[in-house]
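Trainee: This one is my_file.csv, CSV, N, CA and C atoms.
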```
chain,number,residue,atom,x,y,z
U,1,MET,N,151.4,129.7,44.5
U,1,MET,CA,151.5,128.7,45.6
U,1,MET,C,152.5,129.1,46.5
U,2,SER,N,152.2,128.9,47.8
U,2,SER,CA,153.2,129.3,48.9
U,2,SER,C,153.2,128.1,49.9
U,3,ILE,N,154.4,127.8,50.3
U,3,ILE,CA,154.6,126.8,51.3
U,3,ILE,C,155.5,127.3,52.4
U,4,GLN,N,155.1,127.1,53.7
U,4,GLN,CA,155.8,127.6,54.8
U,4,GLN,C,156.5,126.5,55.6
U,5,LEU,N,157.8,126.5,55.7
U,5,LEU,CA,158.5,125.5,56.5
U,5,LEU,C,158.9,126.2,57.8
U,6,THR,N,158.8,125.5,58.9
U,6,THR,CA,159.2,126.0,60.1
U,6,THR,C,160.2,125.0,60.8
U,7,LEU,N,161.4,125.4,61.0
U,7,LEU,CA,162.4,124.6,61.7
U,7,LEU,C,162.5,125.0,63.1
U,8,ILE,N,162.2,124.1,64.0
U,8,ILE,CA,162.3,124.4,65.5
U,8,ILE,C,163.5,123.7,66.0
U,9,GLY,N,164.3,124.5,66.7
U,9,GLY,CA,165.6,123.9,67.3
U,9,GLY,C,166.1,124.9,68.3
U,10,LYS,N,167.5,124.8,68.5
U,10,LYS,CA,168.1,125.7,69.4
U,10,LYS,C,169.6,125.8,69.0
U,11,PRO,N,170.3,126.9,69.4
U,11,PRO,CA,171.7,127.1,69.0
U,11,PRO,C,172.5,125.9,69.6
U,12,GLY,N,173.6,125.6,68.9
U,12,GLY,CA,174.5,124.6,69.4
U,12,GLY,C,174.0,123.1,69.2
U,13,CYS,N,172.9,122.9,68.5
U,13,CYS,CA,172.4,121.6,68.3
U,13,CYS,C,172.9,121.1,67.0
U,14,HIS,N,173.7,120.1,67.0
U,14,HIS,CA,174.3,119.6,65.8
U,14,HIS,C,173.2,118.9,64.8
U,15,LEU,N,172.2,118.3,65.4
U,15,LEU,CA,171.1,117.8,64.6
U,15,LEU,C,170.4,118.9,63.9
U,16,CYS,N,170.2,120.0,64.6
U,16,CYS,CA,169.6,121.2,64.0
U,16,CYS,C,170.4,121.7,62.8
U,17,ASP,N,171.7,121.8,63.0
U,17,ASP,CA,172.6,122.2,61.9
U,17,ASP,C,172.4,121.3,60.7
U,18,GLU,N,172.4,120.0,60.9
U,18,GLU,CA,172.2,119.0,59.9
U,18,GLU,C,170.9,119.1,59.2
U,19,ALA,N,169.8,119.4,60.0
U,19,ALA,CA,168.5,119.6,59.4
U,19,ALA,C,168.5,120.8,58.5
U,20,ARG,N,169.1,121.9,59.0
U,20,ARG,CA,169.1,123.1,58.2
U,20,ARG,C,169.9,122.9,56.8
U,21,ASP,N,171.0,122.1,56.9
U,21,ASP,CA,171.7,121.8,55.7
U,21,ASP,C,170.9,121.0,54.7
U,22,ALA,N,170.2,120.0,55.3
U,22,ALA,CA,169.3,119.1,54.5
U,22,ALA,C,168.2,119.9,53.8
U,23,ILE,N,167.6,120.8,54.6
U,23,ILE,CA,166.5,121.6,54.0
U,23,ILE,C,167.0,122.5,52.9
U,24,ASP,N,168.2,123.2,53.2
U,24,ASP,CA,168.8,124.0,52.2
U,24,ASP,C,169.0,123.3,50.9
U,25,GLY,N,169.6,122.1,51.0
U,25,GLY,CA,169.8,121.3,49.8
U,25,GLY,C,168.6,120.9,49.0
U,26,VAL,N,167.6,120.5,49.7
U,26,VAL,CA,166.3,120.1,49.1
U,26,VAL,C,165.7,121.4,48.4
U,27,LEU,N,165.7,122.5,49.1
U,27,LEU,CA,165.1,123.7,48.6
U,27,LEU,C,165.8,124.2,47.3
U,28,LEU,N,167.1,124.1,47.3
U,28,LEU,CA,167.9,124.5,46.1
U,28,LEU,C,167.4,123.8,44.9
U,29,GLU,N,167.2,122.5,45.0
U,29,GLU,CA,166.7,121.7,43.9
U,29,GLU,C,165.3,122.0,43.6
U,30,PHE,N,164.4,122.0,44.6
U,30,PHE,CA,163.0,122.2,44.5
U,30,PHE,C,162.7,123.6,43.8
U,31,ARG,N,163.4,124.6,44.3
U,31,ARG,CA,163.1,126.0,43.7
U,31,ARG,C,163.6,126.1,42.3
U,32,GLN,N,164.6,125.4,41.9
U,32,GLN,CA,165.0,125.4,40.5
U,32,GLN,C,164.0,124.7,39.6
U,33,LYS,N,163.3,123.7,40.1
U,33,LYS,CA,162.3,123.0,39.3
U,33,LYS,C,160.9,123.5,39.4
U,34,ASN,N,160.7,124.3,40.4
U,34,ASN,CA,159.4,124.9,40.7
U,34,ASN,C,159.5,126.4,41.0
U,35,PRO,N,159.9,127.2,40.0
U,35,PRO,CA,160.1,128.6,40.3
U,35,PRO,C,158.8,129.4,40.7
U,36,ASN,N,157.6,128.8,40.4
U,36,ASN,CA,156.4,129.5,40.7
U,36,ASN,C,155.8,129.1,42.1
U,37,THR,N,156.6,128.3,42.8
U,37,THR,CA,156.2,127.9,44.2
U,37,THR,C,157.1,128.7,45.1
U,38,ASP,N,156.5,129.5,46.0
U,38,ASP,CA,157.3,130.3,47.0
U,38,ASP,C,157.4,129.4,48.2
U,39,VAL,N,158.6,129.1,48.6
U,39,VAL,CA,158.8,128.3,49.9
U,39,VAL,C,159.6,129.2,50.8
U,40,THR,N,159.0,129.5,52.0
U,40,THR,CA,159.7,130.3,53.0
U,40,THR,C,160.1,129.4,54.1
U,41,VAL,N,161.2,129.7,54.8
U,41,VAL,CA,161.7,129.0,55.9
U,41,VAL,C,161.8,129.9,57.1
U,42,GLU,N,161.1,129.5,58.2
U,42,GLU,CA,161.2,130.3,59.5
U,42,GLU,C,161.9,129.4,60.5
U,43,GLU,N,162.8,129.9,61.3
U,43,GLU,CA,163.5,129.2,62.3
U,43,GLU,C,163.0,129.7,63.7
U,44,LEU,N,162.6,128.8,64.5
U,44,LEU,CA,162.2,129.1,65.9
U,44,LEU,C,163.1,128.5,66.9
U,45,ASN,N,163.4,129.2,67.9
U,45,ASN,CA,164.4,128.7,69.0
U,45,ASN,C,163.6,128.3,70.2
U,46,ILE,N,163.7,127.1,70.6
U,46,ILE,CA,162.9,126.7,71.8
U,46,ILE,C,163.4,127.4,73.1
U,47,LEU,N,164.6,128.0,73.1
U,47,LEU,CA,165.0,128.7,74.2
U,47,LEU,C,164.3,130.1,74.4
U,48,ASP,N,163.7,130.5,73.3
U,48,ASP,CA,163.0,131.8,73.3
U,48,ASP,C,161.5,131.7,73.5
U,49,ASP,N,161.0,130.5,73.6
U,49,ASP,CA,159.6,130.3,73.7
U,49,ASP,C,159.3,129.1,74.6
U,50,GLU,N,158.8,129.4,75.7
U,50,GLU,CA,158.5,128.3,76.7
U,50,GLU,C,157.6,127.2,76.2
U,51,ALA,N,156.5,127.6,75.5
U,51,ALA,CA,155.6,126.6,75.0
U,51,ALA,C,156.2,125.7,74.0
U,52,LEU,N,157.1,126.2,73.1
U,52,LEU,CA,157.8,125.4,72.2
U,52,LEU,C,158.8,124.5,72.9
U,53,ARG,N,159.4,125.0,73.9
U,53,ARG,CA,160.4,124.2,74.7
U,53,ARG,C,159.7,123.0,75.4
U,54,LEU,N,158.5,123.3,76.0
U,54,LEU,CA,157.8,122.2,76.7
U,54,LEU,C,157.3,121.2,75.7
U,55,LYS,N,156.9,121.6,74.5
U,55,LYS,CA,156.3,120.7,73.5
U,55,LYS,C,157.3,119.9,72.8
U,56,TYR,N,158.5,120.5,72.4
U,56,TYR,CA,159.4,119.9,71.5
U,56,TYR,C,160.8,119.6,72.0
U,57,ALA,N,161.1,119.9,73.3
U,57,ALA,CA,162.5,119.8,73.8
U,57,ALA,C,163.1,118.5,73.5
U,58,GLU,N,162.4,117.4,73.5
U,58,GLU,CA,163.0,116.1,73.3
U,58,GLU,C,163.0,115.6,71.9
U,59,GLU,N,162.4,116.5,71.0
U,59,GLU,CA,162.3,116.1,69.6
U,59,GLU,C,163.1,116.9,68.6
U,60,ILE,N,163.8,118.0,69.1
U,60,ILE,CA,164.4,118.9,68.1
U,60,ILE,C,165.5,118.2,67.4
U,61,PRO,N,165.7,118.6,66.2
U,61,PRO,CA,165.0,119.6,65.4
U,61,PRO,C,163.7,119.0,64.9
U,62,VAL,N,162.7,119.9,64.8
U,62,VAL,CA,161.4,119.6,64.4
U,62,VAL,C,161.1,120.4,63.1
U,63,LEU,N,160.6,119.8,62.1
U,63,LEU,CA,160.2,120.5,60.9
U,63,LEU,C,158.7,120.5,60.7
U,64,LEU,N,158.1,121.6,60.5
U,64,LEU,CA,156.7,121.8,60.3
U,64,LEU,C,156.5,122.2,58.8
U,65,ILE,N,155.5,121.7,58.1
U,65,ILE,CA,155.2,122.2,56.8
U,65,ILE,C,153.8,122.7,56.9
U,66,ASP,N,153.7,124.0,56.6
U,66,ASP,CA,152.4,124.7,56.8
U,66,ASP,C,151.8,124.5,58.2
U,67,GLY,N,152.6,124.5,59.2
U,67,GLY,CA,152.2,124.3,60.6
U,67,GLY,C,151.9,122.9,61.0
U,68,LYS,N,152.1,121.9,60.2
U,68,LYS,CA,151.9,120.5,60.6
U,68,LYS,C,153.2,119.8,60.7
U,69,MET,N,153.3,118.9,61.7
U,69,MET,CA,154.6,118.2,61.9
U,69,MET,C,154.9,117.3,60.7
U,70,HIS,N,156.1,117.5,60.2
U,70,HIS,CA,156.6,116.7,59.1
U,70,HIS,C,157.6,115.7,59.6
U,71,ASN,N,158.6,116.1,60.4
U,71,ASN,CA,159.7,115.3,60.8
U,71,ASN,C,160.3,115.8,62.1
U,72,TYR,N,161.0,115.0,62.8
U,72,TYR,CA,161.8,115.4,63.9
U,72,TYR,C,163.0,114.6,64.0
U,73,TRP,N,164.0,115.1,64.6
U,73,TRP,CA,165.4,114.5,64.8
U,73,TRP,C,166.2,114.6,63.5
U,74,ARG,N,165.8,113.9,62.4
U,74,ARG,CA,166.6,113.9,61.2
U,74,ARG,C,165.6,114.1,60.0
U,75,ILE,N,166.1,114.9,59.1
U,75,ILE,CA,165.3,115.2,57.9
U,75,ILE,C,165.7,114.2,56.8
U,76,ASP,N,164.7,113.5,56.2
U,76,ASP,CA,164.9,112.7,55.1
U,76,ASP,C,164.7,113.5,53.8
U,77,ASP,N,165.8,113.7,53.1
U,77,ASP,CA,165.7,114.5,51.9
U,77,ASP,C,164.6,114.1,50.9
U,78,GLU,N,164.5,112.9,50.6
U,78,GLU,CA,163.6,112.4,49.6
U,78,GLU,C,162.1,112.6,50.2
U,79,ARG,N,161.9,112.3,51.4
U,79,ARG,CA,160.6,112.5,52.0
U,79,ARG,C,160.2,114.0,52.0
U,80,LEU,N,161.1,114.8,52.3
U,80,LEU,CA,160.8,116.3,52.3
U,80,LEU,C,160.5,116.7,50.8
U,81,MET,N,161.3,116.2,49.9
U,81,MET,CA,161.0,116.6,48.5
U,81,MET,C,159.7,116.1,48.0
U,82,ARG,N,159.3,114.9,48.4
U,82,ARG,CA,157.9,114.4,48.0
U,82,ARG,C,156.9,115.3,48.7
U,83,ALA,N,157.0,115.7,49.9
U,83,ALA,CA,156.0,116.5,50.6
U,83,ALA,C,155.9,117.8,49.9
U,84,LEU,N,157.0,118.4,49.5
U,84,LEU,CA,157.0,119.7,48.8
U,84,LEU,C,156.3,119.6,47.5
U,85,TYR,N,156.6,118.6,46.7
U,85,TYR,CA,155.9,118.4,45.4
U,85,TYR,C,154.4,118.1,45.6
U,86,ALA,N,154.0,117.4,46.7
U,86,ALA,CA,152.6,117.1,47.0
U,86,ALA,C,151.9,118.5,47.3
U,87,LYS,N,152.5,119.3,48.1
U,87,LYS,CA,151.9,120.6,48.4
U,87,LYS,C,151.8,121.5,47.2
U,88,ALA,N,152.9,121.5,46.3
U,88,ALA,CA,152.9,122.3,45.2
U,88,ALA,C,151.8,121.9,44.1
U,89,SER,N,151.5,120.7,44.1
U,89,SER,CA,150.5,120.2,43.1
U,89,SER,C,149.1,120.4,43.5
U,90,LYS,N,148.8,120.9,44.7
U,90,LYS,CA,147.4,121.2,45.2
U,90,LYS,C,146.9,122.5,44.6
```
Render the structure in this file as structure tokens.

Mentor:
Amino acid sequence: MSIQLTLIGKPGCHLCDEARDAIDGVLLEFRQKNPNTDVTVEELNILDDEALRLKYAEEIPVLLIDGKMHNYWRIDDERLMRALYAKASK
């Protein structure tokens, strides 16, 4: 099983830093309990991609799970954990 997380943000964004920290904390626990589920994290910068900037400029940070919007502005640790478990159980 593989899950792809995509964090969309920009440098100097304190909410993006908080989102990254929240994701790291959730993944530390999730990976310990689910060693057979591969979770990768990709970070995209809206300053490097005009289409992303136009789509998400007012919502960053944005977290996608397997390409689908999961959250924006703030990451809820418990909600992210539930989403990862739901994906892993499929």

Trainee: Considering only strand (DSSP E) as DSSP defines it on the backbone, what residues of chain U qualify? List them as an MDAnalysis selection string.

Mentor: chainID U and resid 2:9 38:45 62:65 68:72

Trainee: To one decimal in Å, tell me the separation between CA of Phe30 in chain U and CA of Lys68 in chain U.

Mentor: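 Those two atoms sit 19.6 Å apart.
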
Trainee: Could you jot down the CA of Asp17 in chain U to CA of Arg82 in chain U separation for me, Å, one decimal place?

Mentor: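 Distance reported for this atom pair: 21.7 Å.
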
Trainee: Need to verify the contact set: range 53-64 of chain U, 6 Å, all atoms listed in the file, exclusion of same-chain residues closer than 3 positions in sequence. Can you return it as a list in words?

Mentor: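 Here the qualifying residues turn out to be Gln4, Leu5, Thr6, Leu7, Ile8, Gly9, Leu15, Cys16, Ile46, Leu47, Asp49, Glu50, Gly67, Lys68, Met69, His70, Asn71, Tyr72 and Trp73 of chain U.
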
Trainee: What is the atom C of Ala88 in chain U to atom N of Asn36 in chain U distance in Å?

Mentor: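 Going from atom C of Ala88 in chain U over to atom N of Asn36 in chain U, I get 9.7 Å.
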
Trainee: Calculated over only C-alpha atoms, which of the candidates U:Ser2, U:Ala19, U:Cys13, U:Lys87 has the smallest distance to Asp38 in chain U?

Mentor: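 Counting only C-alpha atoms, the residue closest to Asp38 in chain U is U:Ser2.
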
Trainee: Please, could all heavy atoms be added to range 27-38 of chain U and the result written as an mmCIF file, in the coordinates of the input?

Mentor:
```cif
data_model
loop_
_atom_site.group_PDB
_atom_site.id
_atom_site.type_symbol
_atom_site.label_atom_id
_atom_site.label_comp_id
_atom_site.auth_asym_id
_atom_site.auth_seq_id
_atom_site.Cartn_x
_atom_site.Cartn_y
_atom_site.Cartn_z
ATOM 1 N N LEU U 27 165.700 122.500 49.100
ATOM 2 C CA LEU U 27 165.100 123.700 48.600
ATOM 3 C C LEU U 27 165.800 124.200 47.300
ATOM 4 O O LEU U 27 165.200 124.736 46.424
ATOM 5 C CB LEU U 27 164.990 124.783 49.627
ATOM 6 C CG LEU U 27 163.939 124.555 50.703
ATOM 7 C CD1 LEU U 27 163.913 125.723 51.677
ATOM 8 C CD2 LEU U 27 162.567 124.332 50.094
ATOM 9 N N LEU U 28 167.100 124.100 47.300
ATOM 10 C CA LEU U 28 167.900 124.500 46.100
ATOM 11 C C LEU U 28 167.400 123.800 44.900
ATOM 12 O O LEU U 28 167.061 124.397 43.876
ATOM 13 C CB LEU U 28 169.372 124.210 46.342
ATOM 14 C CG LEU U 28 170.284 124.629 45.194
ATOM 15 C CD1 LEU U 28 170.265 126.139 45.011
ATOM 16 C CD2 LEU U 28 171.699 124.140 45.459
ATOM 17 N N GLU U 29 167.200 122.500 45.000
ATOM 18 C CA GLU U 29 166.700 121.700 43.900
ATOM 19 C C GLU U 29 165.300 122.000 43.600
ATOM 20 O O GLU U 29 164.860 122.161 42.430
ATOM 21 C CB GLU U 29 166.918 120.189 44.131
ATOM 22 C CG GLU U 29 166.435 119.298 43.013
ATOM 23 C CD GLU U 29 166.616 117.820 43.295
ATOM 24 O OE1 GLU U 29 167.435 117.456 44.160
ATOM 25 O OE2 GLU U 29 165.908 117.030 42.644
ATOM 26 N N PHE U 30 164.400 122.000 44.600
ATOM 27 C CA PHE U 30 163.000 122.200 44.500
ATOM 28 C C PHE U 30 162.700 123.600 43.800
ATOM 29 O O PHE U 30 161.901 123.657 42.895
ATOM 30 C CB PHE U 30 162.289 122.110 45.815
ATOM 31 C CG PHE U 30 160.803 122.282 45.704
ATOM 32 C CD1 PHE U 30 159.999 121.234 45.310
ATOM 33 C CD2 PHE U 30 160.210 123.503 45.986
ATOM 34 C CE1 PHE U 30 158.622 121.386 45.190
ATOM 35 C CE2 PHE U 30 158.836 123.666 45.875
ATOM 36 C CZ PHE U 30 158.042 122.608 45.473
ATOM 37 N N ARG U 31 163.400 124.600 44.300
ATOM 38 C CA ARG U 31 163.100 126.000 43.700
ATOM 39 C C ARG U 31 163.600 126.100 42.300
ATOM 40 O O ARG U 31 162.913 126.778 41.490
ATOM 41 C CB ARG U 31 163.865 126.996 44.562
ATOM 42 C CG ARG U 31 163.194 127.236 45.902
ATOM 43 C CD ARG U 31 163.989 128.164 46.780
ATOM 44 N NE ARG U 31 163.255 128.538 47.981
ATOM 45 C CZ ARG U 31 163.831 128.816 49.132
ATOM 46 N NH1 ARG U 31 165.149 128.787 49.257
ATOM 47 N NH2 ARG U 31 163.101 129.149 50.179
ATOM 48 N N GLN U 32 164.600 125.400 41.900
ATOM 49 C CA GLN U 32 165.000 125.400 40.500
ATOM 50 C C GLN U 32 164.000 124.700 39.600
ATOM 51 O O GLN U 32 163.719 125.203 38.468
ATOM 52 C CB GLN U 32 166.349 124.614 40.296
ATOM 53 C CG GLN U 32 167.532 125.358 40.867
ATOM 54 C CD GLN U 32 168.813 124.534 40.841
ATOM 55 O OE1 GLN U 32 168.802 123.324 40.630
ATOM 56 N NE2 GLN U 32 169.931 125.202 41.069
ATOM 57 N N LYS U 33 163.300 123.700 40.100
ATOM 58 C CA LYS U 33 162.300 123.000 39.300
ATOM 59 C C LYS U 33 160.900 123.500 39.400
ATOM 60 O O LYS U 33 160.041 123.166 38.649
ATOM 61 C CB LYS U 33 162.366 121.483 39.631
ATOM 62 C CG LYS U 33 163.670 120.823 39.267
ATOM 63 C CD LYS U 33 163.683 119.370 39.663
ATOM 64 C CE LYS U 33 165.009 118.727 39.258
ATOM 65 N NZ LYS U 33 165.083 117.328 39.641
ATOM 66 N N ASN U 34 160.700 124.300 40.400
ATOM 67 C CA ASN U 34 159.400 124.900 40.700
ATOM 68 C C ASN U 34 159.500 126.400 41.000
ATOM 69 O O ASN U 34 159.143 126.817 42.132
ATOM 70 C CB ASN U 34 158.767 124.152 41.942
ATOM 71 C CG ASN U 34 158.575 122.692 41.705
ATOM 72 O OD1 ASN U 34 157.572 122.267 41.171
ATOM 73 N ND2 ASN U 34 159.577 121.889 42.075
ATOM 74 N N PRO U 35 159.900 127.200 40.000
ATOM 75 C CA PRO U 35 160.100 128.600 40.300
ATOM 76 C C PRO U 35 158.800 129.400 40.700
ATOM 77 O O PRO U 35 158.863 130.445 41.226
ATOM 78 C CB PRO U 35 160.643 129.116 38.964
ATOM 79 C CG PRO U 35 160.201 128.123 37.932
ATOM 80 C CD PRO U 35 160.120 126.807 38.641
ATOM 81 N N ASN U 36 157.600 128.800 40.400
ATOM 82 C CA ASN U 36 156.400 129.500 40.700
ATOM 83 C C ASN U 36 155.800 129.100 42.100
ATOM 84 O O ASN U 36 154.796 129.641 42.490
ATOM 85 C CB ASN U 36 155.307 129.163 39.655
ATOM 86 C CG ASN U 36 155.679 129.727 38.300
ATOM 87 O OD1 ASN U 36 156.283 130.788 38.209
ATOM 88 N ND2 ASN U 36 155.331 129.010 37.242
ATOM 89 N N THR U 37 156.600 128.300 42.800
ATOM 90 C CA THR U 37 156.200 127.900 44.200
ATOM 91 C C THR U 37 157.100 128.700 45.100
ATOM 92 O O THR U 37 158.297 128.471 45.115
ATOM 93 C CB THR U 37 156.241 126.429 44.406
ATOM 94 O OG1 THR U 37 155.396 125.770 43.461
ATOM 95 C CG2 THR U 37 155.792 126.071 45.817
ATOM 96 N N ASP U 38 156.500 129.500 46.000
ATOM 97 C CA ASP U 38 157.300 130.300 47.000
ATOM 98 C C ASP U 38 157.400 129.400 48.200
ATOM 99 O O ASP U 38 156.360 129.116 48.862
ATOM 100 C CB ASP U 38 156.568 131.593 47.237
ATOM 101 C CG ASP U 38 157.297 132.426 48.256
ATOM 102 O OD1 ASP U 38 158.539 132.449 48.232
ATOM 103 O OD2 ASP U 38 156.625 133.052 49.090
#
```
